[in-house]
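Here is the structure we will look at, set down as structure tokens.
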Amino acid sequence: MYAMWRLQVALCTLSVLLSLSSGGESKARSCSEVRQAYNVKGFSLVNVPHQEISGEHLRVCPQGYTCCTSEMEDKLNLQSKLEFENLVEKSSHNIRTTFVSRHKKFDEFFLELLDNSEKSLNSMFTRTYGKLYMQNSEVFQDLFTELKRYYTGGNVNLEEMLNDFWSRLLERMFQLLNSQYHFTDDYLECVSKYTDQLKPFGDVPRKLKAQVTRAFIAARTFVQGLMVGREVANRVAKVNVVPACVRALTKMLYCSYCRGMPGLKACHNYCHNVMRGCLANQADLDAEWNLFIDAMLLVADRLEGPFNIEAVIEPVDIKISEAIMTMQDNSMQVSAKVFQGCGQPKPSGIGRSVRGISDVFSARFRPYTPEERPTTAAGTSLDRLVIDIKEKLKESKRFWSNLPDDICAKGNLTESDEEQCWNSHTKGRYFPEVVKEGLTNQVNNPEVDVDITRPDTLIRQQIMALRVMTNKLKNAYNGNDIYFQDSSDEGSSSGSGSGCSDGCTTEFVFVGTEAPVIGADRSDERAAAAAAGKSLSREPSLLVVMFALTLPLWAMQTQWR
């Protein structure tokens with residue numbers, strides 16, 4: 001009996017010893033793999049355990065036996081934050097560079113289109129009309145200056161500016177065609193008031209105003225949209241990583257190190273919950289972003305079609321010349337009606353002269369052929385630019401709501417085997433459900449403690465910026481600039497643009513909006529134009545202009561009518 005008792009004691013003692021031995025081996029598990037992986041990250045191995053230690057000091061990772069000290073956990077916290085910021089920046093690189101590069105291309109294209117059109121007009125008119133054009137060239141130069149100023153964001157009312165151009169041109173031509181009279185500033189002011197009533201330039205001003213206004217509104221607004229998209233993407237990509245997100249990231253990316261499994265990647269659904277929690281505010285940008293992209297696509301369609309600025313600006317020299325020709329054709333009727341309304345002017349004492357007419361016609365007016373026209377820095381036509389950007393814009397839809405999943409899928413963060421992945425505390429399947437995108441849906445996020453009552457201020461600002469830009473784009477789609485009111489067109493409601501009469505095609509009809517008029521001050525230019533007109537009226541061969549400004553374009557009429 002005693003012998004049996006002693007045998008039982010011996011067996012129990014052996015069992016305890018074996019248990020202690022087994023526990024000692026567990027406590028003494030090596031951290032060599034962790035040390036190696038930690039060193040690869042660029043961290044020093046000083047004070048990094050060779051074997052597991054007690055983990056009561058850990059604040060983020062699971063406590064128990066661990067290969068991490070408090071200092072290591074702090075460094076891994078910072079590393080997680082930096083890696084997440086880099087992942088967001090890398091994932092948004094394509095969308096950001098798209099808006100940067102396309103904004104640059106479109107801006108270059110539009111500016112050089114204006115420069116080349118101005119050079120083309122100046123070259124043709126100088127070659128054809130010579131001194132008479134050069135003496136009046138500032139009228140045309142001011143037109144392009146104001147167009148550029150509008151495009152680059154200046155406070156220019158396109159309708160008022162174009163009306164002013166035709167009024168100034170009428171004043172100049174009226175003096176040249178009636179050089180035997182002397183006109184005071186007040187008389188010329190009276191003449192300009194008859195522009196709409198007499199229509200001395202035919203239908204050209206109305207058509208050109210409609211086309212230029214809509215094309216420039218669309219072009220300027222589209223480039224502004226590219227700029228807004230660029231700025232929003234750049235700002236949102238610089239993500240604000242809150243402490244709760246840092247803890248969740250550290251737990252997902254590096255707590256496996258502390259557990260002695262540095263090569264273990266996160267479970268797929270685990271990664272989704274962490275990223276959707278950390279990017280909840282960015283996902284809320286998506287609804288307004290998609291509306292913005294849709295509006296950009298609508299204006300892009302306009303740029304390809306009726307609001308194509310390239311098709312409007314390239315032949316503008318021909319259109320202006322036809323208007324001048326129409327004015328000369330109707331000069332007698334126009335002069336008679338002006339004299340009737342403004343009174344009979346006093347004779348200047350200078351008769352008309354026909355000297356030099358043959359010299360003016362020695363250089364026949366002709367536009368550049370497509371091959372001769374200057375090329376732009378963009379190196380392509382507007383249609384090709386638009387086709388390219390439309391594809392890029394379509395690809396960017398739902399970008400922000402898809403960003404969390406894209407990072408998990410493309411960031412090399414997850415393990416495809418759902419049984420051999422890190423589930424936040426050990427190797428095994430991840431059971432919690434994946435929450436939906438957006439701030440309010442994070443109330444039940446099991447991984448990230450998100451305060452759904454405090455939206456990110458920066459994100460809300462970007463949402464408002466997109467909302468404002470979308471409204472501008474929708475107005476531009478209808479040919480309307482929300483900053484200006486319509487000041488002259490019949491039958492249109494308020495809003496910049498040119499209202500259509502019954503003769504307009506339906507594709508040019510648009511809706512106006514209410515906004516204050518901001519017109520450019522042209523009083524000094526009008527005074528200068530009147531003074532220049534006086535000096536021109538004393539030229540000995542002023543009759544030349546009646547023919548010089550008209551006949552060279554007869555062959556071009558079919559291109560405009």
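Identifiers for the structure tokens are assigned positionally: chains receive A, B, ... in sequence, residues are indexed from 1 per chain, and ligands are indexed from 1 in the order shown.
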Would you return as a PyMOL selection string the members of region 60-266 of chain A that DSSP assigns to helix (DSSP H, G or I) on this structure's backbone? chain A and resi 70-91+93-129+131-134+137-151+158-177+185-193+195-198+204-237+243-253+255-258
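With only C-alpha atoms taken into account, the protein and nucleic acid residues at most 8 Å from Ser117 (chain A) (excluding it and anything under 6 positions from it in its own chain) are Ile313, Glu314, Val316 and Asp317 of chain A.
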Considering only C-alpha atoms, return as an MDAnalysis selection string whatever protein or nucleic-acid residues lie within 12 Å of region 44-56 of chain A, sequence-local ones (same chain, fewer than 3 positions apart) excluded. chainID A and resid 24:41 59:73 75 255 257:260
Taking into account only C-alpha atoms, which residue in the set A:Val88, A:Val435, A:Leu473, A:Leu162 is nearest to Trp400 (chain A)?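 Ranked by minimum distance to Trp400 (chain A), first place goes to A:Val88.
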Ser424 (chain A): which residues within 8 Å, counting only C-alpha atoms, same-chain residues fewer than 5 positions away excluded, as a list in words? Lys251, Met252, Cys255, Ser256, Ala266 and Tyr270 of chain A
